[in-house]
Structure formats: C-alpha cells, structure tokens
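What follows is a short report on a single structure.
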Amino acid sequence: MRAEVGQAWRRFVNASAPPREITAARILLAGTALWIVLSRPDLLRLLELPAESWSAVPWARRARFGLLLPPGVEWTLWATLHLALMAALFGLKPRLSCALAAVLLFHFAPLEAILWTPNPYLRGLTLPVLGLVVVSAARPGDGWPVRLIRVLIVQAYVFAGWAKLAESGLSWATAGNLRGWLLALEQHYQGPGAGPSLAGALAASPLACWVLALGGLLFELLSPLVLFSRRARLVFVPVALAFHLANALALHIVFQEFPLVLLFLDWGGLSAPAEGTDRETAARTGA
Amino acid sequence: MTDLLKLGVFVLFAALAIAAGGRRTSTRRIDVLVAFVLAASIAAGVLQKESWPFTNWALVHHLSPTRFEDVLELEGVDADGRSWPLDARALQPLALEELRSWLTPRLAVLTALERDALGRWLLGRAETARQRARAGRHVGSNERWLGPLAAPYHFTRPRPWDDPAAVPDRPFVALRVYADSWDVEAPDRRDRRLAWEYRPGAR
C-alpha cells in the first residue's frame, strides 16, 4: 500500500506533459484574472471610503494583504498588475509575470470584501492567485503544475459539497431545502415585485427541486473523479458549465472562475507530444 | 496575530514556488511545494477555515432560511421628496452585498459623524451614477471598460437603470436606508422600517 502511494506520488510529480498544457493553464488563469480586474476599474476607490468604514478592519488584516501603502503607490501597483497579467497572458517572461501577477492579486483581491471579511474566495480571484503561483514554478514539459491546479479547481466543488454536509447533513439535498433556497435567493437578490422567474418556476416543481438538489450535491462530491478518469473529464466540462449557468440563472450565483474548467480539456492532445520531453525532464530532475 | 500567521502561509507558499522554479538538481523542491499546497488547501477545506487564498469554498451550505431580518435596501430621495430604489450598480466599486454585510451589524453603533461621512460617500456615488444613467452611459463603474461583458459580482442584481426612462430625472438630495424583514413564504408582506436617512446639513 505504502509503495503504491509512493508510486502514485512519483507519477503525480514526475510524469511529464506536453508544454501546451502549461501554456493553456497560464492563459486561462491570467485571462480569467484580467477579465475580473478589467471589470473593476475603480476598485481602488474603495480606499477612499471614509476612514470610519475602515475602522472595522484590524491593522493586522491590512498588513496581511499589504493594504497600508499610500494611494499613489497603490495606483502604480494596480497599473503594474494589469501589465503583469497581460504579459502572463501573452507569455512574456511567463514565470516572472505570473509570479508578479499572483503577488499583486493577493494584494488587491481582498479589497472588494475586506470591510467585513478577509476571505474573498467568491470574488473570482482565488484560483488565479493559487494557479499563477504554481505556474510561476513550472518549466516546459512539467506535468505536475497542471495536475496540481486541477486538484485546486476540483477542491472548489468538493469542498462546497463537503461544507453542505458538514453544516446541514443530508437534509441539504432535499427538494424542500432547494425550493427554499430558490425562493430565498430570488427574493433577496431580485427584490420585491420582480415578477415571474426561472427560480419561481423551478420552485413550483418538486421533481425539479429533487433533481437540482441531489444532482448538484452529487456533482460537487463526485468531481474528484476527473482527476483519475479521462472519460470523466470529457463529461465534467459541459456538466460544470451547465451547473454554473443554472446557478447564475436560477440562484443568481455567479462563479467568476468558471472559465478555468476548460483546463480539464485535453490541451496536450491538441499538439503532438514534445519529443524527448520525458528524457528532458528526467535529465533536468536528475531522475 | 492570526492574520499575520496567514500572511506567513502565503509567503511560505510563494517561497516554496520560487525554490521549486529555481535550478533543479532533484524533484525534492517540487515534492515539498506540492505537499505544502495539498496540505494547506485540504486543511482549509476539511476544517472549513480560511487562510486565503487557501479557502473553505462554502456556499449556500446552510439549510434555506425561512425568514429574512433587516435586509438593507437603499433609496435616493429627490428634491420633491420622492424616494427611488437605487440600481445596485450605482454603488460600484462597492458591491451592495458587501455593504449590507458590513453595515447591517454596525448601523446602530455608528456615531453621527461616522454616519455623515458614510452617507456623503454613498450619496455622492448614487448621484454620479444617476447622472451617468440619465445620459445613457454605463450606470456603474465596473462596465466602463468592458461594457456588458464586464464580470458580474458573485450575486447578480436587477439592472433597472438600463432603461434611461426608469432613472430619476431630478438630483438626489438625500439617501434612505430601509431595513426589510419578511417570511420567505410570504414575500409580499414585508415589514419595512427606515433605518437611517442621510440628508446633507440636516444636523
């Protein structure tokens, strides 16, 4: 058993992959982050909120994210972030640009929610921060970075499912609970008098509520299968995109990192495997 | 202290990545980086404790609520005293959900001066957005560069001011914050109370 685990670990870390996989990961991560950043041009204006608003944010929390700098420096770093993401997207000094972009994203991403939480995990930049740090350590032909990033993406699903079970148990996966969420989120986020809605139509159907409740939770909990099965990956990408579309339309929840599910496509298969990749990797690693 | 420890987790993550990306004589540095990332991310998920960017990923994990209490809604007041629900985009770059989460537990304890400062900021954003919307331009700042392709916030909101005819034609002179409460099964029977009104120079 121990030997098998050891072999699996060595395969995870050592097995090479076509360079196009890392290129695809870099483009998807930087592109997603750039999309979010370009969609928040005034983000730094939050620093201009009245000082009273910031009084709820402990000094240590500001220090954690480096949010202690003068406005002029912040705006310069904000511009630098855009340049770093563009460079990462187009592969200019990719390891350096990915590292710089990741550190600057770590600095700026919490700004959107920091008044009340230091955990901005649903604002679209969590996986880009993690993934860009990983890509910054990657070399052409390395297989482990994309495998590791795929694990991190899967965790977004499996831990969302785990949180439901830990907090609510199997009661979460019932038609009644999902109907309640459909109605509650519709009322909370669309306001009074919003008129007929998809959420309302789904909530009126017990069958639809059962399918969405059980299907959604099973999808989240079974998502790790994509790490082991090529066939599961083929199914996962369209199902995940449909899952996010349904969440957006019926529950008003947008997972801005949804483009990253495309990383489960077989990017390496789109190009001929790099000749000698394994040998090069072995030589580089001394294996 | 906890925040600084969490900063240390990220710094260690970055340092291990730099080490793994440097000159390699073995796979040991990669082993350490991969083990660290797996350990940190799995710990955050299983224990449901954040050390962002290692996080818990929890979302709508509670059982559905049966009642909402004191959900804040913002309205602008024009010179005629008419009150208009704000398009949430008017507050950008502040998301309404972030404002609600921050303000709801604090509204009662803010001093008059603090309320004035916040009210001035909010009213300024709302009036600027109203003017933009009346002119047929983007309502919030988030769409300045990408237009309708801009990434939405995590929770989507209605966009009433996409129709310029629905935008108030007179300037806002005050801001009202209402606290709404209702049963999910009876959403039309909302209890609404005025939680706060900001009117420049009213004090």
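Letters A, B, ... go to the chains of the structure tokens in the order shown; residues in each chain start at 1; ligands are counted from 1 in the same order.
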
Distance table requested - chain A against chain B, cut-off 7 Å, only C-alpha atoms: one row per qualifying residue with the closest atom pair and its distance in Å to one decimal, ordered by chain and rising residue number, as CSV.
residue,atom,partner,partner_atom,distance
A:Val13,CA,B:Asp31,CA,6.9
A:Trp35,CA,B:Ala151,CA,6.7
A:Ile36,CA,B:Ala151,CA,5.7
A:Leu38,CA,B:Trp145,CA,6.7
A:Ser39,CA,B:Ala150,CA,4.8
A:Arg40,CA,B:Asn142,CA,4.9
A:Pro41,CA,B:Asn142,CA,6.1
A:Asp42,CA,B:Pro93,CA,5.7
A:Leu43,CA,B:Pro93,CA,5.4
A:Leu46,CA,B:Pro93,CA,6.8
A:Leu49,CA,B:Trp121,CA,7.0
A:Pro50,CA,B:Ala117,CA,5.9
A:Glu52,CA,B:Glu114,CA,5.7
A:Ala60,CA,B:Asp3,CA,5.9
A:Arg61,CA,B:Asp3,CA,5.5
A:Arg64,CA,B:Leu7,CA,5.1
A:Glu112,CA,B:Leu94,CA,7.0
A:Ala113,CA,B:Glu98,CA,5.9
A:Leu115,CA,B:Trp102,CA,6.2
A:Trp116,CA,B:Trp102,CA,5.1
A:Asn119,CA,B:Trp52,CA,5.7
A:Tyr121,CA,B:Thr55,CA,6.6
A:Leu122,CA,B:His154,CA,6.4
A:Arg123,CA,B:His154,CA,6.1
A:Thr126,CA,B:Pro53,CA,5.4
A:Val129,CA,B:Pro53,CA,6.9
A:Leu130,CA,B:Pro53,CA,6.6
A:Val133,CA,B:Ala14,CA,6.6
A:Val134,CA,B:Ala17,CA,6.4
A:Ser136,CA,B:Gly21,CA,7.0
A:Ala137,CA,B:Gly21,CA,3.9
A:Ala138,CA,B:Gly21,CA,6.1
A:Ala156,CA,B:Trp57,CA,5.6
A:Phe159,CA,B:Gly45,CA,5.4
A:Ala160,CA,B:Ala58,CA,4.7
A:Ala163,CA,B:Ala58,CA,5.3
A:Lys164,CA,B:His61,CA,4.1
A:Glu167,CA,B:His62,CA,6.1
A:Ser168,CA,B:His62,CA,5.7
A:Trp172,CA,B:Leu63,CA,6.0
A:Asn177,CA,B:Ser64,CA,5.6
A:Gly180,CA,B:Ser64,CA,5.2
A:Trp181,CA,B:Ser64,CA,5.0
A:Leu183,CA,B:Val184,CA,6.8
A:Ala184,CA,B:Val184,CA,6.0
A:Tyr189,CA,B:Arg157,CA,5.7
A:Gln190,CA,B:Arg157,CA,5.8
A:His252,CA,B:Thr156,CA,5.1
A:Ile253,CA,B:Phe155,CA,4.9
A:Val254,CA,B:His154,CA,4.8
A:Phe255,CA,B:His154,CA,6.4
A:Gln256,CA,B:Ala151,CA,7.0
A:Arg284,CA,B:Arg24,CA,6.6
A:Thr285,CA,B:Ser26,CA,4.6
A:Gly286,CA,B:Ser26,CA,5.5

- Message: as a ChimeraX atom specification, please: every residue in chain B that a backbone DSSP assignment puts in strand (DSSP E or B).
- Response: /B:51,54,67-78,83-85,155,172-183,186-198

- Task: Please give the complete set of residues from range 20-157 of chain B that DSSP, run on the backbone, assigns to alpha helix (DSSP H), formatted as an MDAnalysis selection string.
- Result: chainID B and resid 20:21 28:47 96:103 112:134
